[in-house]
$ cat structure17.cif   # mmCIF, C-alpha atoms
data_protein
loop_
_atom_site.label_atom_id
_atom_site.label_comp_id
_atom_site.auth_asym_id
_atom_site.auth_seq_id
_atom_site.Cartn_x
_atom_site.Cartn_y
_atom_site.Cartn_z
CA MET A 1 -54.70 14.82 -28.12
CA GLN A 2 -51.98 12.34 -27.25
CA PRO A 3 -49.69 12.89 -24.32
CA THR A 4 -46.21 13.49 -25.68
CA GLY A 5 -43.93 10.47 -25.36
CA SER A 6 -42.72 9.29 -21.99
CA LYS A 7 -42.28 12.74 -20.54
CA THR A 8 -44.15 12.78 -17.27
CA ARG A 9 -46.44 15.72 -16.89
CA ARG A 10 -47.41 17.18 -13.62
CA CYS A 11 -50.94 17.22 -14.83
CA ASN A 12 -52.49 14.95 -17.41
CA ILE A 13 -54.75 17.07 -19.53
CA ASN A 14 -56.64 14.14 -20.93
CA LYS A 15 -57.65 13.23 -17.44
CA LEU A 16 -58.77 16.78 -16.90
CA LYS A 17 -61.16 16.87 -19.87
CA PRO A 18 -64.02 18.91 -18.63
CA LEU A 19 -66.55 16.80 -16.87
CA PRO A 20 -69.94 18.43 -16.85
CA ASP A 21 -69.71 19.23 -13.15
CA TRP A 22 -66.02 19.63 -12.65
CA THR A 23 -63.31 21.95 -13.87
CA PRO A 24 -60.05 22.58 -12.04
CA ASN A 25 -60.45 25.06 -9.22
CA PRO A 26 -63.23 27.36 -10.25
CA ARG A 27 -63.21 30.70 -8.51
CA PRO A 28 -65.03 30.43 -5.23
CA PRO A 29 -68.28 32.41 -5.12
CA ASP A 30 -66.74 35.15 -2.98
CA ASP A 31 -64.03 35.88 -5.49
CA ASP A 32 -64.75 38.17 -8.41
CA SER A 33 -61.54 38.02 -10.40
CA LEU A 34 -60.95 37.01 -13.98
CA PHE A 35 -61.83 33.37 -14.30
CA GLN A 36 -65.24 32.82 -12.86
CA GLU A 37 -66.78 29.59 -11.74
CA HIS A 38 -68.74 29.34 -14.95
CA ARG A 39 -66.07 29.31 -17.54
CA SER A 40 -66.62 29.73 -21.22
CA TRP A 41 -65.00 27.27 -23.59
CA LEU A 42 -62.12 29.64 -24.19
CA GLN A 43 -61.54 30.27 -20.52
CA LEU A 44 -61.53 26.56 -19.89
CA GLN A 45 -58.90 26.04 -22.58
CA ILE A 46 -56.74 28.67 -20.94
CA VAL A 47 -57.17 27.04 -17.58
CA LEU A 48 -56.20 23.66 -18.98
CA LEU A 49 -53.17 25.24 -20.57
CA ILE A 50 -52.18 26.72 -17.23
CA CYS A 51 -52.62 23.30 -15.66
CA ARG A 52 -50.21 21.92 -18.16
CA PHE A 53 -47.44 24.37 -17.44
CA THR A 54 -47.72 25.00 -13.77
CA PRO A 55 -47.29 22.56 -10.88
CA THR A 56 -50.33 20.96 -9.28
CA CYS A 57 -51.79 22.41 -6.11
CA PRO A 58 -50.12 20.10 -3.56
CA GLU A 59 -46.84 20.90 -5.27
CA VAL A 60 -47.65 24.61 -5.27
CA ILE A 61 -48.30 24.75 -1.55
CA ARG A 62 -45.08 22.86 -0.93
CA ILE A 63 -43.21 25.41 -3.02
CA LEU A 64 -44.99 28.23 -1.23
CA SER A 65 -43.84 26.92 2.11
CA LEU A 66 -40.33 26.61 0.74
CA GLY A 67 -40.58 30.19 -0.49
CA MET A 68 -41.09 31.30 3.10
CA ASP A 69 -37.62 29.99 3.94
CA LYS A 70 -35.53 30.75 0.89
CA ASP A 71 -35.67 32.73 -2.34
CA LEU A 72 -37.36 30.93 -5.20
CA PRO A 73 -35.99 31.08 -8.74
CA LEU A 74 -37.66 33.67 -10.94
CA ILE A 75 -39.19 31.04 -13.22
CA THR A 76 -40.86 29.37 -10.24
CA ARG A 77 -42.26 32.66 -9.06
CA ILE A 78 -43.68 33.32 -12.52
CA LYS A 79 -45.24 29.86 -12.60
CA LEU A 80 -46.85 30.53 -9.25
CA ARG A 81 -48.31 33.81 -10.53
CA ILE A 82 -49.74 32.07 -13.55
CA HIS A 83 -51.12 29.30 -11.41
CA TYR A 84 -52.94 31.88 -9.28
CA LEU A 85 -54.84 33.00 -12.38
CA MET A 86 -56.84 29.84 -12.26
CA CYS A 87 -56.48 28.90 -8.62
CA SER A 88 -57.48 31.31 -5.93
CA PHE A 89 -57.09 28.59 -3.31
CA CYS A 90 -53.34 28.51 -3.71
CA GLU A 91 -53.25 32.29 -3.79
CA ARG A 92 -55.10 32.33 -0.50
CA TYR A 93 -52.80 29.71 0.90
CA ALA A 94 -49.87 31.98 0.11
CA LYS A 95 -51.57 34.89 1.84
CA GLN A 96 -52.36 32.77 4.84
CA LEU A 97 -48.75 31.64 5.18
CA LYS A 98 -47.79 35.29 5.52
CA TYR A 99 -50.68 35.86 7.88
CA MET A 100 -49.42 33.04 10.09
CA ARG A 101 -45.90 34.42 10.01
CA THR A 102 -47.10 37.81 11.17
CA VAL A 103 -49.15 36.43 14.04
CA ALA A 104 -46.45 33.94 15.04
CA ARG A 105 -43.96 36.80 15.41
CA GLU A 106 -46.41 38.67 17.54
CA PHE A 107 -47.23 35.64 19.65
CA PRO A 108 -44.35 35.75 22.17
CA LYS A 109 -45.43 39.24 23.22
CA LYS A 110 -48.86 37.91 24.06
CA ILE A 111 -47.81 34.81 25.92
CA GLY A 112 -47.70 36.68 29.22
CA GLU A 113 -51.40 37.47 28.95
CA ILE A 114 -52.90 34.36 27.42
CA SER A 115 -51.08 31.73 29.38
CA ASP A 116 -52.01 31.29 33.03
CA ALA A 117 -49.08 29.03 33.85
CA LYS A 118 -47.36 30.13 37.04
CA LEU A 119 -44.11 29.11 38.60
CA PRO A 120 -45.09 26.95 41.55
CA THR A 121 -44.35 28.66 44.89
CA GLU A 122 -41.77 26.08 45.88
CA ALA A 123 -40.01 26.52 42.57
CA LYS A 124 -39.85 30.25 43.23
CA GLU A 125 -38.38 29.66 46.67
CA ARG A 126 -35.85 27.28 45.21
CA LEU A 127 -34.94 29.84 42.59
CA LYS A 128 -34.40 32.58 45.13
CA GLU A 129 -32.24 30.30 47.20
CA ALA A 130 -30.17 29.39 44.18
CA LEU A 131 -29.76 33.05 43.31
CA LEU A 132 -28.63 34.04 46.78
CA LYS A 133 -25.82 31.54 46.84
CA MET B 1 -37.92 53.70 49.34
CA SER B 2 -38.24 50.98 46.79
CA LEU B 3 -36.21 51.73 43.75
CA GLN B 4 -38.01 49.16 41.70
CA PRO B 5 -41.78 49.29 41.70
CA GLY B 6 -43.48 46.53 39.73
CA GLY B 7 -44.21 46.23 36.06
CA ILE B 8 -42.58 47.55 32.94
CA GLN B 9 -43.13 51.16 33.90
CA GLY B 10 -41.41 50.35 37.11
CA ALA B 11 -38.47 48.84 35.33
CA MET B 12 -38.09 52.03 33.34
CA THR B 13 -38.01 54.28 36.40
CA LYS B 14 -35.61 51.86 37.95
CA THR B 15 -33.06 52.14 35.21
CA ALA B 16 -33.35 55.90 35.31
CA VAL B 17 -32.81 55.98 39.06
CA GLU B 18 -30.05 53.46 38.83
CA ARG B 19 -27.93 55.45 36.44
CA GLY B 20 -27.93 58.21 39.01
CA THR B 21 -27.20 56.19 42.10
CA GLY B 22 -24.99 53.42 40.81
CA LYS B 23 -25.80 50.24 42.72
CA VAL B 24 -28.98 48.54 43.76
CA ALA B 25 -28.03 45.11 42.52
CA ALA B 26 -27.97 43.26 45.83
CA THR B 27 -31.65 42.28 46.02
CA ASP B 28 -32.55 42.52 42.36
CA PRO B 29 -32.41 38.84 41.41
CA GLU B 30 -34.97 38.04 44.05
CA ARG B 31 -37.27 40.65 42.63
CA TRP B 32 -36.76 39.22 39.17
CA VAL B 33 -38.24 35.96 40.37
CA ASP B 34 -41.40 37.68 41.55
CA GLU B 35 -41.76 40.16 38.76
CA HIS B 36 -40.61 38.31 35.69
CA GLY B 37 -40.49 34.70 36.83
CA ASP B 38 -43.94 33.79 35.61
CA LEU B 39 -43.48 35.44 32.24
CA LEU B 40 -40.17 33.69 31.65
CA TYR B 41 -41.72 30.44 32.76
CA ARG B 42 -44.67 30.85 30.39
CA TYR B 43 -42.39 31.50 27.49
CA ALA B 44 -40.10 28.61 28.36
CA LEU B 45 -43.08 26.32 28.79
CA LEU B 46 -44.39 27.28 25.37
CA ARG B 47 -41.11 26.28 23.85
CA VAL B 48 -40.11 23.14 25.75
CA ARG B 49 -43.51 21.96 27.01
CA LYS B 50 -42.10 20.20 30.07
CA PRO B 51 -42.57 22.05 33.38
CA GLU B 52 -39.37 20.71 34.99
CA ILE B 53 -37.22 21.72 32.06
CA ALA B 54 -38.94 25.10 31.80
CA GLN B 55 -38.19 25.73 35.48
CA ASP B 56 -34.57 24.76 35.02
CA LEU B 57 -34.28 27.11 32.09
CA VAL B 58 -35.73 29.98 34.10
CA GLN B 59 -33.22 29.27 36.84
CA GLU B 60 -30.32 29.19 34.40
CA THR B 61 -31.54 32.41 32.85
CA LEU B 62 -31.67 34.23 36.16
CA LEU B 63 -28.29 32.89 37.23
CA ALA B 64 -26.76 34.02 33.96
CA ALA B 65 -28.49 37.37 34.33
CA MET B 66 -27.03 37.80 37.79
CA ARG B 67 -23.54 37.05 36.55
CA SER B 68 -23.72 39.52 33.71
CA TYR B 69 -25.64 42.20 35.54
CA GLU B 70 -22.81 44.74 35.30
CA LYS B 71 -22.82 44.48 31.55
CA PHE B 72 -26.53 45.13 31.36
CA ALA B 73 -26.26 48.79 32.35
CA GLY B 74 -29.92 49.48 31.72
CA GLN B 75 -29.89 49.92 27.97
CA SER B 76 -33.12 48.02 27.66
CA LEU B 77 -35.92 46.97 29.95
CA VAL B 78 -35.04 44.32 32.49
CA ARG B 79 -37.84 42.19 31.10
CA SER B 80 -36.67 42.12 27.51
CA TRP B 81 -33.10 41.67 28.67
CA LEU B 82 -34.12 38.59 30.65
CA CYS B 83 -36.17 37.28 27.73
CA GLY B 84 -33.12 37.65 25.52
CA ILE B 85 -31.06 35.55 27.90
CA LEU B 86 -33.82 32.96 28.06
CA LYS B 87 -33.80 32.72 24.26
CA HIS B 88 -30.09 31.98 24.34
CA LYS B 89 -30.61 29.32 26.97
CA LEU B 90 -33.36 27.77 24.86
CA GLY B 91 -30.97 27.72 21.92
CA ASP B 92 -28.39 25.90 24.01
CA TYR B 93 -31.01 23.46 25.21
CA PHE B 94 -32.17 22.60 21.69
CA ARG B 95 -28.62 22.34 20.45
CA LYS B 96 -27.90 19.76 23.09
CA LEU B 97 -31.16 17.95 22.36
CA GLY B 98 -30.38 17.94 18.65
CA ARG B 99 -27.04 16.31 19.30
CA GLU B 100 -28.46 13.68 21.58
CA THR B 101 -31.65 12.70 19.77
CA SER B 102 -32.83 12.75 16.21
CA PHE B 103 -34.81 15.89 15.69
CA THR B 104 -36.39 14.82 12.44
CA ASP B 105 -40.09 14.07 12.50
CA LEU B 106 -41.37 13.07 9.11
CA GLU B 107 -44.20 10.92 10.36
CA PHE B 108 -46.49 13.75 11.20
CA LEU B 109 -49.18 14.38 8.58
CA ALA B 110 -47.50 12.15 6.03
CA ASP B 111 -50.77 11.30 4.28
CA GLU B 112 -52.61 14.53 4.88
CA CYS B 113 -52.90 15.47 1.21
CA SER B 114 -55.35 12.80 0.19
CA GLU B 115 -58.49 14.47 1.57
CA LYS B 116 -57.85 17.96 0.39
CA PHE B 117 -56.99 17.30 -3.21
CA VAL B 118 -58.63 15.42 -6.04
CA PRO B 119 -56.38 12.73 -7.51
CA GLU B 120 -55.38 14.96 -10.44
CA GLY B 121 -53.86 17.35 -7.94
CA TYR B 122 -56.33 20.16 -7.40
CA TRP B 123 -58.15 21.38 -4.36
CA VAL B 124 -61.41 19.72 -3.52
CA HIS B 125 -63.55 22.79 -3.90
CA MET B 126 -65.36 22.43 -0.64
CA ASN B 127 -62.16 22.01 1.34
CA GLY B 128 -60.05 24.69 -0.29
CA PRO B 129 -58.83 27.57 1.86
CA LYS B 130 -61.42 30.27 2.50
CA GLU B 131 -60.68 33.94 2.98
CA TRP B 132 -59.37 34.80 6.42
CA LYS B 133 -61.21 37.63 8.09
CA PRO B 134 -60.55 39.80 9.98
CA GLU B 135 -57.26 41.13 8.70
CA VAL B 136 -54.03 40.62 10.60
CA ASP B 137 -53.85 43.97 12.39
CA GLU B 138 -57.35 43.54 13.71
CA VAL B 139 -56.91 40.01 14.94
CA MET B 140 -53.91 41.11 17.02
CA HIS B 141 -56.22 42.67 19.57
CA ARG B 142 -58.39 39.62 20.07
CA ASP B 143 -57.47 37.57 23.12
CA GLU B 144 -59.66 34.72 21.93
CA PHE B 145 -57.63 34.49 18.76
CA TRP B 146 -54.39 34.16 20.67
CA LYS B 147 -55.93 31.39 22.76
CA VAL B 148 -56.89 29.51 19.61
CA MET B 149 -53.38 30.09 18.32
CA ARG B 150 -51.92 28.64 21.50
CA GLU B 151 -54.25 25.64 21.26
CA CYS B 152 -53.22 25.01 17.68
CA LEU B 153 -49.52 25.33 18.37
CA GLY B 154 -50.03 22.96 21.26
CA ARG B 155 -51.43 20.34 18.92
CA LEU B 156 -48.31 20.19 16.80
CA PRO B 157 -45.96 17.38 17.80
CA ASP B 158 -42.99 18.56 19.92
CA ARG B 159 -40.27 18.54 17.34
CA VAL B 160 -42.42 19.97 14.56
CA ALA B 161 -43.56 22.75 16.88
CA THR B 162 -39.99 23.49 17.88
CA VAL B 163 -38.75 24.00 14.34
CA PHE B 164 -41.84 26.01 13.46
CA MET B 165 -41.39 28.35 16.42
CA MET B 166 -37.68 28.75 15.77
CA ARG B 167 -38.37 29.70 12.19
CA GLU B 168 -41.47 31.84 12.58
CA MET B 169 -41.16 33.31 16.07
CA ASP B 170 -37.43 33.67 16.52
CA GLU B 171 -36.94 34.37 12.81
CA ILE B 172 -33.88 32.14 12.62
CA GLU B 173 -32.65 31.32 9.11
CA SER B 174 -33.13 27.72 8.02
CA LYS B 175 -29.40 27.03 7.75
CA GLU B 176 -28.89 28.05 11.33
CA ILE B 177 -31.80 25.94 12.55
CA CYS B 178 -30.34 22.93 10.75
CA ALA B 179 -26.97 23.52 12.37
CA THR B 180 -28.51 23.92 15.81
CA LEU B 181 -30.64 20.82 15.64
CA SER B 182 -28.31 18.73 13.45
CA ILE B 183 -30.93 18.03 10.79
CA SER B 184 -30.80 18.30 7.01
CA GLU B 185 -32.34 21.26 5.23
CA ASN B 186 -34.72 19.04 3.31
CA ASN B 187 -36.04 17.48 6.47
CA LEU B 188 -36.46 20.90 7.99
CA TRP B 189 -38.49 22.07 5.01
CA VAL B 190 -40.72 19.03 5.10
CA MET B 191 -41.35 19.57 8.80
CA LEU B 192 -42.04 23.27 8.35
CA HIS B 193 -44.39 22.59 5.48
CA ARG B 194 -46.35 20.12 7.54
CA ALA B 195 -46.41 22.40 10.53
CA ARG B 196 -47.80 25.20 8.38
CA MET B 197 -50.42 22.97 6.81
CA ALA B 198 -51.57 21.73 10.18
CA LEU B 199 -51.56 25.15 11.81
CA ARG B 200 -53.40 26.69 8.89
CA LYS B 201 -56.05 24.04 9.05
CA CYS B 202 -56.40 24.31 12.79
CA LEU B 203 -56.71 28.09 12.74
CA ALA B 204 -59.22 27.86 9.90
CA THR B 205 -61.46 25.35 11.63
CA ASN B 206 -61.26 26.82 15.09
CA TRP B 207 -61.24 30.50 14.34
CA PHE B 208 -61.70 31.77 10.79
CA GLU B 209 -64.36 29.30 9.72
CA ASN B 210 -65.77 28.62 13.13
CA PRO B 211 -69.41 29.75 13.15
CA GLU B 212 -69.35 30.12 16.94
CA VAL B 213 -66.66 32.79 16.87
CA GLN B 214 -67.85 36.38 16.68
CA HIS B 215 -65.45 38.01 14.26
#
$ encode --input "structure17.cif" --output "structure tokens"
Amino acid sequence: MQPTGSKTRRCNINKLKPLPDWTPNPRPPDDDSLFQEHRSWLQLQIVLLICRFTPTCPEVIRILSLGMDKDLPLITRIKLRIHYLMCSFCERYAKQLKYMRTVAREFPKKIGEISDAKLPTEAKERLKEALLK
Amino acid sequence: MSLQPGGIQGAMTKTAVERGTGKVAATDPERWVDEHGDLLYRYALLRVRKPEIAQDLVQETLLAAMRSYEKFAGQSLVRSWLCGILKHKLGDYFRKLGRETSFTDLEFLADECSEKFVPEGYWVHMNGPKEWKPEVDEVMHRDEFWKVMRECLGRLPDRVATVFMMREMDEIESKEICATLSISENNLWVMLHRARMALRKCLATNWFENPEVQH
């Protein structure tokens, strides 16, 4: 199959022709969803098709980060969903971004306990003096 | 009789008593230093990283608190009221900093991608993200986790950490952060993306995938 004209693709399928020991992002062993690590020919074709129409992983995680700060267009969100079908890593990345957001919001409440920084005594004295003025 | 015993509980009784009696303000600011000074300092230090500046910010906070004490009227705890003022002071500080220096840091992690992805643009299987266990609500109760979190935040470069904390801790919208720090939205997004990548990796290596940690 020839790549079509000069249009740059995010992912060159010819380059991705299945090597015996490599296919794009097989499901990790601890994941039991649709596309398993050992893909049949048909599954592999679907995966390659997904590769063709969705952004590559570095691009996906950039978009995911962007999605944490603004609303993504519907088409992008659909592409992400489709990408997840063959890439649980990016799906996890998305989950972990939310995980980090949740813990980051909680963090200031904990800072009193986990930090042992103390105002030096002389700084405290200085503060009190400044306040009494 | 002391109207203000220590701690948050104490602050609650205090406000209750105060509404009845009217004024106890005279010696309060001094108590604030002892009771809330360290907490304010810790928070300020997390955000600005320089002890002198953190101390100055605590001082400004308490001075401002003293001036507006009448308006406070005990609707919330003294502690959260003071923290609120400190947040404003931090905002002012960063605004000034943003005007005076360039707040953009695009150097950090510029070539990070090469190890994690194969040239075609997919995760190297061994280095892809692994599941994070335990779940969020469980990890909240683990002091060790919060220490790792502090470590990892500490490893981010100053400016990257600042934008990350503004966005994720203070929940400020990106437009507002850009206005405060005088940076472009694109630069902000690049910095946030890199901060998230670095923090994710750090948390993964030091906590979630660390064999020495008892989960």
$ residues_around --input "structure17.cif" --residues "Asp105 (chain B)" --least-positions-apart "5" --cutoff "12 Å" --atoms "all atoms listed in the file" --output "number ranges by chain"
B: 110, 156-163, 183-184, 186-195
$ closest_atom_pairs --input "structure17.cif" --of "chain A" --to "chain B" --cutoff "6 Å" --atoms "only C-alpha atoms" --output "Markdown table"
| residue | atom | partner | partner_atom | distance |
| --- | --- | --- | --- | --- |
| A:Thr56 | CA | B:Gly121 | CA | 5.2 |
| A:Cys57 | CA | B:Tyr122 | CA | 5.2 |
| A:Ser65 | CA | B:His193 | CA | 5.5 |
| A:Phe89 | CA | B:Pro129 | CA | 5.5 |
| A:Arg101 | CA | B:Glu168 | CA | 5.7 |
| A:Ala104 | CA | B:Met169 | CA | 5.4 |
| A:Arg105 | CA | B:Met169 | CA | 4.5 |
| A:Gly112 | CA | B:Leu39 | CA | 5.3 |
| A:Ala117 | CA | B:Arg42 | CA | 5.9 |
| A:Lys118 | CA | B:Asp38 | CA | 5.2 |
| A:Leu119 | CA | B:Asp38 | CA | 5.6 |
| A:Lys128 | CA | B:Glu30 | CA | 5.6 |
$ atom_distance --input "structure17.cif" --atom1 "CA of Ile53 (chain B)" --atom2 "CA of Arg155 (chain B)"
19.4 Å
$ closest_residue --input "structure17.cif" --among "B:Ala179, B:Thr101, B:Tyr93, B:Ile85" --to "Tyr69 (chain B)" --atoms "all atoms listed in the file"
B:Ile85
$ atom_distance --input "structure17.cif" --atom1 "CA of Phe72 (chain B)" --atom2 "CA of Lys89 (chain B)"
16.9 Å
$ decode --input "structure17.cif" --residues "region 26-50 of chain B" --atoms "C-alpha atoms" --output "PDB file, in the first residue's frame"
ATOM      1  CA  ALA B  26      -5.977  43.287  71.289  1.00  0.00           C
ATOM      2  CA  THR B  27      -3.652  40.300  71.723  1.00  0.00           C
ATOM      3  CA  ASP B  28      -4.893  38.120  68.906  1.00  0.00           C
ATOM      4  CA  PRO B  29      -2.236  38.842  66.292  1.00  0.00           C
ATOM      5  CA  GLU B  30       0.449  37.705  68.672  1.00  0.00           C
ATOM      6  CA  ARG B  31      -1.375  34.454  69.188  1.00  0.00           C
ATOM      7  CA  TRP B  32      -1.701  34.036  65.454  1.00  0.00           C
ATOM      8  CA  VAL B  33       2.060  33.973  65.199  1.00  0.00           C
ATOM      9  CA  ASP B  34       2.313  31.121  67.673  1.00  0.00           C
ATOM     10  CA  GLU B  35      -0.694  29.163  66.574  1.00  0.00           C
ATOM     11  CA  HIS B  36      -0.773  29.568  62.825  1.00  0.00           C
ATOM     12  CA  GLY B  37       2.638  31.010  62.029  1.00  0.00           C
ATOM     13  CA  ASP B  38       4.289  27.703  61.243  1.00  0.00           C
ATOM     14  CA  LEU B  39       1.437  26.487  59.090  1.00  0.00           C
ATOM     15  CA  LEU B  40       1.384  29.695  57.067  1.00  0.00           C
ATOM     16  CA  TYR B  41       5.131  29.532  56.745  1.00  0.00           C
ATOM     17  CA  ARG B  42       5.037  25.924  55.531  1.00  0.00           C
ATOM     18  CA  TYR B  43       2.490  26.765  52.911  1.00  0.00           C
ATOM     19  CA  ALA B  44       4.344  29.874  51.789  1.00  0.00           C
ATOM     20  CA  LEU B  45       7.596  27.940  51.651  1.00  0.00           C
ATOM     21  CA  LEU B  46       5.999  25.285  49.472  1.00  0.00           C
ATOM     22  CA  ARG B  47       4.969  27.943  47.024  1.00  0.00           C
ATOM     23  CA  VAL B  48       7.926  30.324  46.920  1.00  0.00           C
ATOM     24  CA  ARG B  49      10.735  28.023  48.119  1.00  0.00           C
ATOM     25  CA  LYS B  50      12.822  30.840  49.583  1.00  0.00           C
TER      26      LYS B  50
END
